[in-house]
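Okay, so here's the structure we're looking at.
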Amino acid sequence: MPLFCRSQQQTIDSLERLLPTATTDSARYWITYDLLNIYAYSHYDSALYYTNRALLLAQKNGKKINEAEALYFKGFLLNRLQMLPQSFQAFTTALHIAEDPRNENSFWNTRKSEEKDKDYRLQVLARIHNGLGFFLRNAGRAEGAVLHYKKAINLSTLIGDSAGAAISTVNLGGLYLYDLNKPDSALLLEKTARASFYKKKQQWRLGAIYEVTGGSYLAMHNDSLGLAYLYKAIAINKKYSIQDILADTYRSTAIFYIQEKNADSALYYARLAANINITVSTHELADDYDILATTYELNNKLDSAYKYKKIALATYDSLNQDRIKGLTSFQQLSFDQQQQLQQLEAEKIAAQNRTRMYTLFAGLGITMFVSFFLYRNSRQQQRANLLLQHQKRETDEQKQKAESALQELKSTQAQLIQSEKMASLGELTAGIAHEIQNPLNFVNNFSEVSNELLDEMNEELKRADIEEAIAIAADIKQNLVKINHHGKRADAIVKGMLEHSRTSKGEKQLTDLNVLTAEYLRLAYHGLRAKDKSFNVDFQTHFDESIGKVNMVPQDIGRVLLNLFNNSFYGSE
């Protein structure tokens, strides 16, 4: 996604006052170009108005590269407005103009007069490829988008435009994360782009990078680091008013808290995302309403959940109809171009096949000629050698197969024994880790708050406000009591869980079957959640309190229960 977005009202007012006073078309073009840049990522209709004005000025003066530049922006804005056929026409026309070397000196470039004509054309061409990547991603053609993003990166690198290369790299990283499900590749690309923007001191561009980086870490199950980067993205995007990426970041944060069953935080960030997209990206509102419905359901506000689910379904239906209509028109529009490309490709393949066939026939003829004389002079010897080789090969293959089968059998037996030993312990370990996470989170949070309160108490003591310092000290003491409570709680959880994870000695003991069942049900659920964050299931327990304690081997019964619960959870997916 293109990144530059700092629409300050003072700048807009200044440029709009300056536009009527411009005395040349080149000045009018650049003022109009600045205005469309400011509006391009938050007010698409206003940006499209100034884009059309810039396009008319470039066409009127025969400035072909400036025309391609304006057409690029027009394609981007029409794509944002889901007008896919018109967007595709704008991009392809711009590409045709910018690819022609004869247009290299046909542009206004008053702000960088030292720049070479060829470099400026290639810079515009790189931006067009970047826009085509954005278009194809929106049209559901991720592989084609990858090719155009890589072309944009290569062209920007060729002319030394590190910022342009970094922008396309950010967009490619987002595609790898959200469309191709390759978070590790996305993370590497975002790190590369971040280094470039740090070097250029372009802090406002880091918001998009942090958003994709946070999403990548969350996809790789590193929740703490992923959430930290999402918060950094929110801060940057709010500071520079980058509304579209800010909405995406809010949405990603809301989804994370939904998965964590944190109803209040999920609802907070879902509302923020929807409020932005009401005016910025209405085509993403269906997702926002659907997320709001889920968050209200988590908060047990079923009336609101039903209301937003209904709105989401209606919005999805409307957007899908427009999207299907746009994609159909786009496919019809590009059919002739695809036919031409397919015909050229078919002719190329046919020529290559003819060349290979002629070469094959010539080689085959020579081989047959030589083989005839060799065969006639040494037929008997060849037959004997072939027979011996065949017998030896069969013997070796049979021996190798027998040895391989024996090794595989031994390896399989060893793996089965080891996996049987480790399966229960692995499930218990995952569950225990999740069980103690909650009290540890409380300990960490109260420790951080106590540290901040100590700083405040020091400030009050410096100001000699003893009463306020005493009040803060009371708060610190209360926090320490809570830290001690949750520490003991974590200790009790570990002792209780480890009691059931110890190796069974076969000794029976009186055990509360209800408590044992509840513990292993919780361990099985959290064990699966530790492996797969997307796994969710609802379960209810109804215990018979009259059972009392039963004489049993609790470790053995616990492993049986763990396997039963795991099988049930897998069957519910």
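Just so we're on the same page: first chain in the structure tokens is A, next is B, and so on; residues restart at 1 for each chain, and ligands are numbered from 1 in the order they show up.
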
What's around A:Ala270 at 12 Å? Count only C-alpha atoms, leave out sequence neighbours fewer than 5 positions away in its own chain, and write the answer as JSON, numbers by chain. {"A": [246, 247, 248, 249, 250, 251, 252, 253, 254, 255, 256, 257, 258, 263, 264, 265, 275, 276, 277, 285, 286, 287, 288, 289, 290, 291, 292, 293, 294, 295, 296, 308]}

What parts of stretch 260-299 of chain A does DSSP call alpha helix (DSSP H)? I'd like the answer as number ranges by chain. A: 263-277, 285-298

Just want the 7 Å neighbourhood of stretch 47-52 of chain A, counted on only C-alpha atoms, with same-chain residues fewer than 5 positions away dropped. Output as a PyMOL selection string. chain A and resi 32+35-36+39-40+70+73-74+77

Resulting file, chosen residues, N, CA, C and O atoms, as a PDB file, in the first residue's frame:
```
ATOM      1  N   THR A  32      -1.438  21.179  -8.050  1.00  0.00           N
ATOM      2  CA  THR A  32      -2.499  20.176  -8.114  1.00  0.00           C
ATOM      3  C   THR A  32      -1.979  18.811  -7.688  1.00  0.00           C
ATOM      4  O   THR A  32      -2.643  18.049  -6.969  1.00  0.00           O
ATOM      5  N   LEU A  35      -1.772  18.606  -3.963  1.00  0.00           N
ATOM      6  CA  LEU A  35      -3.091  18.450  -3.355  1.00  0.00           C
ATOM      7  C   LEU A  35      -3.602  17.011  -3.477  1.00  0.00           C
ATOM      8  O   LEU A  35      -4.129  16.441  -2.516  1.00  0.00           O
ATOM      9  N   LEU A  36      -3.424  16.428  -4.657  1.00  0.00           N
ATOM     10  CA  LEU A  36      -3.912  15.050  -4.813  1.00  0.00           C
ATOM     11  C   LEU A  36      -3.103  14.090  -3.942  1.00  0.00           C
ATOM     12  O   LEU A  36      -3.625  13.083  -3.453  1.00  0.00           O
ATOM     13  N   TYR A  39      -4.623  14.304  -0.390  1.00  0.00           N
ATOM     14  CA  TYR A  39      -5.950  13.701  -0.271  1.00  0.00           C
ATOM     15  C   TYR A  39      -5.957  12.212  -0.599  1.00  0.00           C
ATOM     16  O   TYR A  39      -6.929  11.514  -0.308  1.00  0.00           O
ATOM     17  N   ALA A  40      -4.894  11.696  -1.231  1.00  0.00           N
ATOM     18  CA  ALA A  40      -4.937  10.372  -1.870  1.00  0.00           C
ATOM     19  C   ALA A  40      -5.210   9.225  -0.919  1.00  0.00           C
ATOM     20  O   ALA A  40      -5.670   8.174  -1.359  1.00  0.00           O
ATOM     21  N   ALA A  70      -0.023  11.033 -13.529  1.00  0.00           N
ATOM     22  CA  ALA A  70      -1.392  11.304 -13.106  1.00  0.00           C
ATOM     23  C   ALA A  70      -2.280  10.071 -13.305  1.00  0.00           C
ATOM     24  O   ALA A  70      -3.156   9.774 -12.482  1.00  0.00           O
ATOM     25  N   PHE A  73      -1.940   7.684 -10.400  1.00  0.00           N
ATOM     26  CA  PHE A  73      -2.753   8.045  -9.249  1.00  0.00           C
ATOM     27  C   PHE A  73      -4.229   7.770  -9.509  1.00  0.00           C
ATOM     28  O   PHE A  73      -4.965   7.320  -8.621  1.00  0.00           O
ATOM     29  N   LYS A  74      -4.671   8.010 -10.754  1.00  0.00           N
ATOM     30  CA  LYS A  74      -6.070   7.759 -11.080  1.00  0.00           C
ATOM     31  C   LYS A  74      -6.387   6.267 -10.937  1.00  0.00           C
ATOM     32  O   LYS A  74      -7.433   5.880 -10.399  1.00  0.00           O
ATOM     33  N   LEU A  77      -6.650   5.426  -7.194  1.00  0.00           N
ATOM     34  CA  LEU A  77      -7.866   5.914  -6.549  1.00  0.00           C
ATOM     35  C   LEU A  77      -9.099   5.144  -7.025  1.00  0.00           C
ATOM     36  O   LEU A  77      -9.970   4.796  -6.221  1.00  0.00           O
TER      37      LEU A  77
END
```

Would you pick out the contacts of A:Ala193 at 10 Å or less, using only C-alpha atoms, so that residues sharing its chain but fewer than 3 positions from it are not included, and give the list as a short mmCIF file (atom, residue, chain, number, x, y, z; two decimals) with N, CA, C and O atoms, in the first residue's frame?
```cif
data_model
loop_
_atom_site.label_atom_id
_atom_site.label_comp_id
_atom_site.auth_asym_id
_atom_site.auth_seq_id
_atom_site.Cartn_x
_atom_site.Cartn_y
_atom_site.Cartn_z
N SER A 162 16.10 4.57 -3.11
CA SER A 162 15.94 3.63 -1.99
C SER A 162 14.58 3.76 -1.32
O SER A 162 14.02 2.76 -0.85
N ALA A 163 14.03 4.98 -1.27
CA ALA A 163 12.72 5.16 -0.65
C ALA A 163 11.64 4.45 -1.46
O ALA A 163 10.77 3.77 -0.91
N GLY A 164 11.70 4.60 -2.79
CA GLY A 164 10.73 3.92 -3.64
C GLY A 164 10.83 2.42 -3.52
O GLY A 164 9.82 1.71 -3.46
N ALA A 165 12.07 1.89 -3.48
CA ALA A 165 12.26 0.45 -3.32
C ALA A 165 11.71 -0.02 -1.98
O ALA A 165 11.09 -1.09 -1.88
N ALA A 166 11.90 0.79 -0.93
CA ALA A 166 11.42 0.40 0.40
C ALA A 166 9.89 0.38 0.45
O ALA A 166 9.29 -0.49 1.09
N ILE A 167 9.23 1.34 -0.23
CA ILE A 167 7.76 1.37 -0.24
C ILE A 167 7.21 0.10 -0.86
O ILE A 167 6.31 -0.55 -0.33
N SER A 168 7.76 -0.28 -2.03
CA SER A 168 7.31 -1.52 -2.68
C SER A 168 7.64 -2.74 -1.83
O SER A 168 6.90 -3.73 -1.83
N THR A 169 8.75 -2.69 -1.11
CA THR A 169 9.12 -3.81 -0.23
C THR A 169 8.12 -3.97 0.90
O THR A 169 7.74 -5.10 1.27
N VAL A 170 7.65 -2.85 1.47
CA VAL A 170 6.62 -2.91 2.51
C VAL A 170 5.35 -3.55 1.96
O VAL A 170 4.74 -4.41 2.59
N ASN A 171 4.95 -3.11 0.76
CA ASN A 171 3.73 -3.66 0.16
C ASN A 171 3.86 -5.15 -0.12
O ASN A 171 2.92 -5.93 0.09
N GLY A 173 5.77 -7.23 1.51
CA GLY A 173 5.72 -7.90 2.80
C GLY A 173 4.29 -8.11 3.28
O GLY A 173 3.93 -9.17 3.78
N LEU A 188 11.16 -10.54 7.09
CA LEU A 188 12.45 -10.17 6.49
C LEU A 188 12.31 -8.94 5.60
O LEU A 188 13.16 -8.04 5.62
N LEU A 189 11.24 -8.88 4.80
CA LEU A 189 11.02 -7.74 3.90
C LEU A 189 10.80 -6.46 4.71
O LEU A 189 11.34 -5.39 4.35
N GLU A 190 10.01 -6.53 5.79
CA GLU A 190 9.73 -5.34 6.59
C GLU A 190 11.00 -4.83 7.28
O GLU A 190 11.20 -3.62 7.43
N SER A 196 15.91 1.13 5.58
CA SER A 196 15.98 2.21 4.59
C SER A 196 15.31 3.47 5.11
O SER A 196 15.85 4.58 4.98
N PHE A 197 14.15 3.35 5.75
CA PHE A 197 13.44 4.53 6.24
C PHE A 197 14.15 5.15 7.45
O PHE A 197 14.10 6.36 7.65
N TYR A 198 14.79 4.32 8.28
CA TYR A 198 15.60 4.87 9.36
C TYR A 198 16.73 5.72 8.79
O TYR A 198 17.03 6.82 9.29
N ARG A 205 6.74 6.84 7.75
CA ARG A 205 6.54 5.65 6.95
C ARG A 205 6.60 4.36 7.80
O ARG A 205 6.29 3.28 7.30
N LEU A 206 7.02 4.48 9.06
CA LEU A 206 7.22 3.28 9.87
C LEU A 206 5.92 2.65 10.35
O LEU A 206 5.90 1.50 10.76
N ILE A 209 5.05 -0.39 8.36
CA ILE A 209 6.02 -1.46 8.63
C ILE A 209 5.72 -2.13 9.97
O ILE A 209 5.70 -3.36 10.08
#
```
